[in-house]
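**Q** Once you've had a glance at the structure underneath, I'll fire off some questions.
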Amino acid sequence: MISMEKNILVAPLNWGLGHATRCIPIIKALQENGFTPILASDGDALAMLKKEFPYLKALELPSYEIEYAKDGADFKWKMLKSMPRMMDAILEEKKIVKQWVKEYNLTGIISDNRLGVYSKKVHSVFMTHQLNVLTGNTTWISSKLHQHIIKKYDECWVPDYEDAPNLTGKLGHLKKPLDHIKYIGPLSRLEKKEVPVKYDLMIILSGPEPQRSILEHRLRDSIDDFKGSVVFICGKMALQQSKIEIDHVTYYNFMTSEQLEQTFNESEIVLCRSGYTTVMDLAALEKKAFFIPTPGQYEQEYLAKRLKKHGLFPYSKQEDFTFEKLTEIDLYKHAILKSERIHWKNLFCLFEKK
């Protein structure tokens, strides 16, 4: 049992690595402000946080067992079929967290999209960039259900700007805002550095299977069409990092935050999914990029279309992508974050209240 006071449970969803990576600056800020973060997740998200913070307590939560359909058109059906498993995991989460509040003397909870991680006994925060959950013709009901869950928490933190220009658009902004929403500004674990360019192209993959693997194989098969130096980060967590050089391409299975920051800064352009965490990282680094949204994932498709419309990043459907399309990047500017610092001390005041 942890005896120190001011223990804060930080629990990101294991859906790709984006939820976990955007919690990294929060975990660091908690430590800087006298709190003791306790990490909680499952699968690759938990493995990644353990590598970033090997000295912090890490606990395992039940898996939502999220898996994408092989065909993007079947995405919604696949998600509906997985709902019973997700509900079981959420109910199990509630029981586990109830025990942890006592066992670890928790002062507060920060849940990044884990729907069962909250407590009425301690101040609980829900973090999301999806106040509206886009699901096609069922968006109205998925959004209402999500907002109903958000209302259970003491505060909801949205990692974006409240006013325009912002990064999330209708994803993170409601026509009638909820009273307990706080726009904390975009989160990124990465910082821009002035370093010499080492790679002409950085490819970084993420997200649940099987779509991560499908895109990896497609890109590997056609990588010879790109004539510059490439660093290819596959987005597969493992106990050990692997590095393989084949002709003009250097492959890594994964990178730590420190390595990623260096590699992003050393790369001329980036090819990646249009997940929101990646969008925030690119804006923080002022990088030019090309997006391939995950097929059938409405949120990524919406972000890619919105950012292209604003002249920031081009994109292509997965089945239509060719490396020749990367020449379109020169026609676009890049997103730049407003120079506003996050006031962590003010945010964390919630956990000082009795």
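Residue numbers start at 1 in each chain; chains themselves are named A, B, ... in the order of the structure tokens; ligands are numbered from 1 in the order shown.
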Tell me, as a list of chain:residue names, which residues lie within 6 Å of region 297-305 of chain A, counting only C-alpha atoms; anything in the same chain fewer than 6 positions away does not count.
**A** A:Leu134, A:Ser274, A:Gly275
**Q** Running DSSP on the backbone, which parts of region 51-152 of chain A land in alpha helix (DSSP H), as a PyMOL selection string?
**A** chain A and resi 51-52+75-103+139-150
**Q** Which residues, written as a list in words, have at least one atom at most 7 Å from region 184-198 of chain A, with only C-alpha atoms counted and residues fewer than 3 positions away on the same chain left out?
**A**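 Everything that qualifies: Arg22, Ile24, Pro25, Trp157, Val158, Pro159, Asp160, Tyr161, Glu261, Asn265, Glu266, Ser267, Glu268, Met280, Asp281, Ala284, Leu285 and Ile342 of chain A.
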**Q** Rank nothing, just name the residue among A:His129, A:Lys170, A:His334, A:Lys95 nearest to Tyr183 (chain A), using only C-alpha atoms.
**A** A:His129
**Q** Can you tell me how far CA of Glu32 (chain A) sits from CA of Asn14 (chain A), in Å to one decimal?
**A** 25.3 Å
**Q** If DSSP is run on the backbone, what residues of region 101-251 of chain A are strand (DSSP E)? A reply as an MDAnalysis selection string would be ideal.
**A** chainID A and resid 106:112 123:127 155:158 181:183 199:204 230:233 243:246 249:251
**Q** Within 12 Å of Asp247 (chain A), counting only C-alpha atoms, which residues qualify if same-chain residues fewer than 6 places away don't, as a ChimeraX atom specification?
**A** /A:223-224,226-231
**Q** Could you turn the residues from that selection into a file that holds N, CA and C atoms, as a CSV table (one decimal), in the first residue's frame?
**A**
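Below is the file out_27.csv, written as the result:
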```csv
chain,number,residue,atom,x,y,z
A,223,ILE,N,7.1,1.2,-50.4
A,223,ILE,CA,8.0,2.1,-49.8
A,223,ILE,C,9.2,2.5,-50.8
A,224,ASP,N,9.4,1.6,-51.8
A,224,ASP,CA,10.5,1.9,-52.8
A,224,ASP,C,10.1,3.0,-53.7
A,226,PHE,N,9.2,5.8,-52.7
A,226,PHE,CA,9.7,7.1,-52.2
A,226,PHE,C,11.2,7.1,-52.2
A,227,LYS,N,11.8,8.1,-52.8
A,227,LYS,CA,13.2,8.1,-53.1
A,227,LYS,C,14.1,8.8,-52.1
A,228,GLY,N,13.6,9.2,-50.9
A,228,GLY,CA,14.4,9.8,-49.9
A,228,GLY,C,14.7,8.9,-48.7
A,229,SER,N,15.3,9.4,-47.7
A,229,SER,CA,15.6,8.6,-46.5
A,229,SER,C,14.3,8.6,-45.6
A,230,VAL,N,14.0,7.4,-45.1
A,230,VAL,CA,12.8,7.2,-44.3
A,230,VAL,C,13.1,6.6,-43.0
A,231,VAL,N,12.4,7.1,-41.9
A,231,VAL,CA,12.3,6.4,-40.7
A,231,VAL,C,10.9,5.9,-40.5
```
**Q** Would you pick out the contacts of Arg273 (chain A) at 10 Å or less, using only C-alpha atoms, so that residues sharing its chain but fewer than 6 positions from it are not included, and give the list as a list in words?
**A**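 These residues fall inside the cut-off: Ile203, Ile204, Leu205, Ser206, Gly207, Arg212, Leu215, Val279, Ala289, Phe290, Phe291, Ile292, Pro293, Thr294, Gln300, Glu301, Ala304, Tyr315 and Gln318 of chain A.
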**Q** Could you write out the selected residues, including all heavy atoms, as a compact mmCIF listing (two decimals), in the first residue's frame?
**A**
```txt
# COMPACT_ATOMS: atom_id res chain seq x y z
N ILE A 203 7.45 8.00 -41.03
CA ILE A 203 6.17 7.30 -41.01
C ILE A 203 5.94 6.79 -39.59
O ILE A 203 6.80 6.11 -39.03
CB ILE A 203 6.15 6.10 -41.99
CG1 ILE A 203 6.40 6.58 -43.42
CG2 ILE A 203 4.83 5.34 -41.90
CD1 ILE A 203 6.57 5.44 -44.42
N ILE A 204 4.82 7.15 -39.01
CA ILE A 204 4.51 6.67 -37.66
C ILE A 204 3.10 6.11 -37.65
O ILE A 204 2.14 6.80 -38.01
CB ILE A 204 4.72 7.77 -36.60
CG1 ILE A 204 4.38 7.24 -35.20
CG2 ILE A 204 3.94 9.05 -36.92
CD1 ILE A 204 4.90 8.10 -34.06
N LEU A 205 2.96 4.86 -37.25
CA LEU A 205 1.68 4.17 -37.24
C LEU A 205 1.16 4.02 -35.81
O LEU A 205 1.94 4.01 -34.86
CB LEU A 205 1.81 2.79 -37.89
CG LEU A 205 2.36 2.77 -39.31
CD1 LEU A 205 2.33 1.36 -39.87
CD2 LEU A 205 1.60 3.72 -40.21
N SER A 206 -0.15 3.88 -35.69
CA SER A 206 -0.76 3.73 -34.37
C SER A 206 -2.17 3.18 -34.55
O SER A 206 -2.65 3.02 -35.67
CB SER A 206 -0.82 5.09 -33.66
OG SER A 206 -1.58 6.01 -34.43
N GLY A 207 -2.81 2.89 -33.43
CA GLY A 207 -4.20 2.44 -33.47
C GLY A 207 -4.33 0.94 -33.30
O GLY A 207 -3.37 0.17 -33.44
N ARG A 212 -3.91 -1.23 -38.06
CA ARG A 212 -2.52 -0.81 -37.99
C ARG A 212 -1.66 -1.68 -38.89
O ARG A 212 -0.83 -1.20 -39.67
CB ARG A 212 -2.02 -0.88 -36.54
CG ARG A 212 -0.65 -0.21 -36.30
CD ARG A 212 0.14 -0.91 -35.22
NE ARG A 212 0.37 -2.29 -35.54
CZ ARG A 212 1.29 -2.72 -36.40
NH1 ARG A 212 2.08 -1.87 -37.03
NH2 ARG A 212 1.41 -4.01 -36.65
N LEU A 215 -2.24 -1.17 -42.76
CA LEU A 215 -1.55 -0.01 -43.32
C LEU A 215 -0.04 -0.26 -43.37
O LEU A 215 0.63 0.11 -44.35
CB LEU A 215 -1.86 1.25 -42.52
CG LEU A 215 -1.20 2.53 -43.02
CD1 LEU A 215 -1.55 2.81 -44.49
CD2 LEU A 215 -1.58 3.73 -42.15
N VAL A 279 -2.44 14.96 -34.09
CA VAL A 279 -2.69 16.34 -34.55
C VAL A 279 -2.09 17.34 -33.57
O VAL A 279 -1.44 18.31 -33.97
CB VAL A 279 -4.21 16.58 -34.72
CG1 VAL A 279 -4.49 18.06 -34.99
CG2 VAL A 279 -4.76 15.74 -35.87
N ALA A 289 2.61 17.51 -42.59
CA ALA A 289 2.26 16.10 -42.54
C ALA A 289 1.19 15.75 -43.56
O ALA A 289 0.50 16.63 -44.08
CB ALA A 289 1.79 15.71 -41.13
N PHE A 290 1.07 14.44 -43.81
CA PHE A 290 0.03 13.89 -44.67
C PHE A 290 -0.70 12.84 -43.87
O PHE A 290 -0.08 11.98 -43.23
CB PHE A 290 0.66 13.27 -45.92
CG PHE A 290 -0.33 12.93 -47.01
CD1 PHE A 290 -0.47 13.76 -48.11
CD2 PHE A 290 -1.12 11.79 -46.93
CE1 PHE A 290 -1.38 13.45 -49.12
CE2 PHE A 290 -2.04 11.48 -47.92
CZ PHE A 290 -2.16 12.32 -49.02
N PHE A 291 -2.05 12.90 -43.89
CA PHE A 291 -2.86 11.99 -43.07
C PHE A 291 -3.47 10.86 -43.90
O PHE A 291 -3.88 11.06 -45.05
CB PHE A 291 -4.02 12.75 -42.41
CG PHE A 291 -3.60 13.69 -41.31
CD1 PHE A 291 -4.19 14.95 -41.19
CD2 PHE A 291 -2.65 13.33 -40.39
CE1 PHE A 291 -3.83 15.81 -40.18
CE2 PHE A 291 -2.28 14.19 -39.36
CZ PHE A 291 -2.88 15.43 -39.26
N ILE A 292 -3.52 9.68 -43.28
CA ILE A 292 -4.32 8.56 -43.79
C ILE A 292 -5.27 8.16 -42.65
O ILE A 292 -4.87 7.41 -41.74
CB ILE A 292 -3.45 7.35 -44.20
CG1 ILE A 292 -2.40 7.77 -45.25
CG2 ILE A 292 -4.33 6.23 -44.74
CD1 ILE A 292 -1.45 6.66 -45.62
N PRO A 293 -6.51 8.65 -42.64
CA PRO A 293 -7.43 8.30 -41.55
C PRO A 293 -7.70 6.80 -41.50
O PRO A 293 -7.70 6.12 -42.53
CB PRO A 293 -8.72 9.06 -41.91
CG PRO A 293 -8.33 10.06 -42.94
CD PRO A 293 -7.13 9.52 -43.65
N THR A 294 -7.90 6.28 -40.29
CA THR A 294 -8.27 4.88 -40.13
C THR A 294 -9.63 4.65 -40.80
O THR A 294 -10.60 5.35 -40.47
CB THR A 294 -8.35 4.49 -38.65
OG1 THR A 294 -7.07 4.74 -38.04
CG2 THR A 294 -8.70 3.03 -38.49
N GLN A 300 -11.50 10.34 -37.00
CA GLN A 300 -10.30 10.63 -37.78
C GLN A 300 -10.63 11.16 -39.17
O GLN A 300 -9.94 12.04 -39.69
CB GLN A 300 -9.43 9.37 -37.90
CG GLN A 300 -8.74 8.98 -36.60
CD GLN A 300 -7.62 7.98 -36.82
OE1 GLN A 300 -7.16 7.76 -37.94
NE2 GLN A 300 -7.17 7.37 -35.74
N GLU A 301 -11.69 10.65 -39.76
CA GLU A 301 -12.11 11.14 -41.08
C GLU A 301 -12.56 12.59 -40.99
O GLU A 301 -12.23 13.42 -41.85
CB GLU A 301 -13.22 10.25 -41.63
CG GLU A 301 -12.73 8.85 -42.00
CD GLU A 301 -13.85 7.88 -42.33
OE1 GLU A 301 -15.03 8.22 -42.08
OE2 GLU A 301 -13.55 6.78 -42.84
N ALA A 304 -9.43 14.86 -40.47
CA ALA A 304 -8.65 14.98 -41.71
C ALA A 304 -9.33 15.94 -42.69
O ALA A 304 -8.69 16.82 -43.27
CB ALA A 304 -8.46 13.61 -42.34
N TYR A 315 -4.82 14.90 -47.02
CA TYR A 315 -5.06 13.53 -46.59
C TYR A 315 -5.51 12.68 -47.78
O TYR A 315 -5.87 13.20 -48.84
CB TYR A 315 -6.11 13.47 -45.47
CG TYR A 315 -7.54 13.53 -45.94
CD1 TYR A 315 -8.28 12.37 -46.16
CD2 TYR A 315 -8.17 14.75 -46.18
CE1 TYR A 315 -9.59 12.42 -46.60
CE2 TYR A 315 -9.49 14.82 -46.61
CZ TYR A 315 -10.20 13.66 -46.82
OH TYR A 315 -11.50 13.70 -47.26
N GLN A 318 -7.19 5.38 -47.25
CA GLN A 318 -6.15 4.35 -47.20
C GLN A 318 -6.00 3.61 -48.52
O GLN A 318 -4.88 3.39 -49.00
CB GLN A 318 -6.48 3.37 -46.07
CG GLN A 318 -5.42 2.31 -45.82
CD GLN A 318 -5.59 1.65 -44.47
OE1 GLN A 318 -5.40 2.27 -43.43
NE2 GLN A 318 -5.99 0.40 -44.47
```
**Q** Could you name the residues that touch region 113-123 of chain A at 10 Å or less, counting only C-alpha atoms, but leaving out those on the same chain fewer than 3 positions away, as number ranges by chain?
**A** A: 8-15, 19, 40-41, 61, 64, 86-87, 89-98, 101-102, 105-110, 126-130, 146, 149-150, 152-155, 350-354
**Q** Would you please work out which residue, of A:Arg218, A:Lys6, A:Cys234, A:Tyr332, is nearest to Asp320 (chain A) when using only C-alpha atoms?
**A**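 That would be A:Arg218, the residue with the smallest distance to Asp320 (chain A).
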**Q** Could you tell me how far CA of Leu312 (chain A) sits from CA of Asp112 (chain A), in Å to one decimal place?
**A**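 Going from CA of Asp112 (chain A) over to CA of Leu312 (chain A) covers 26.7 Å.
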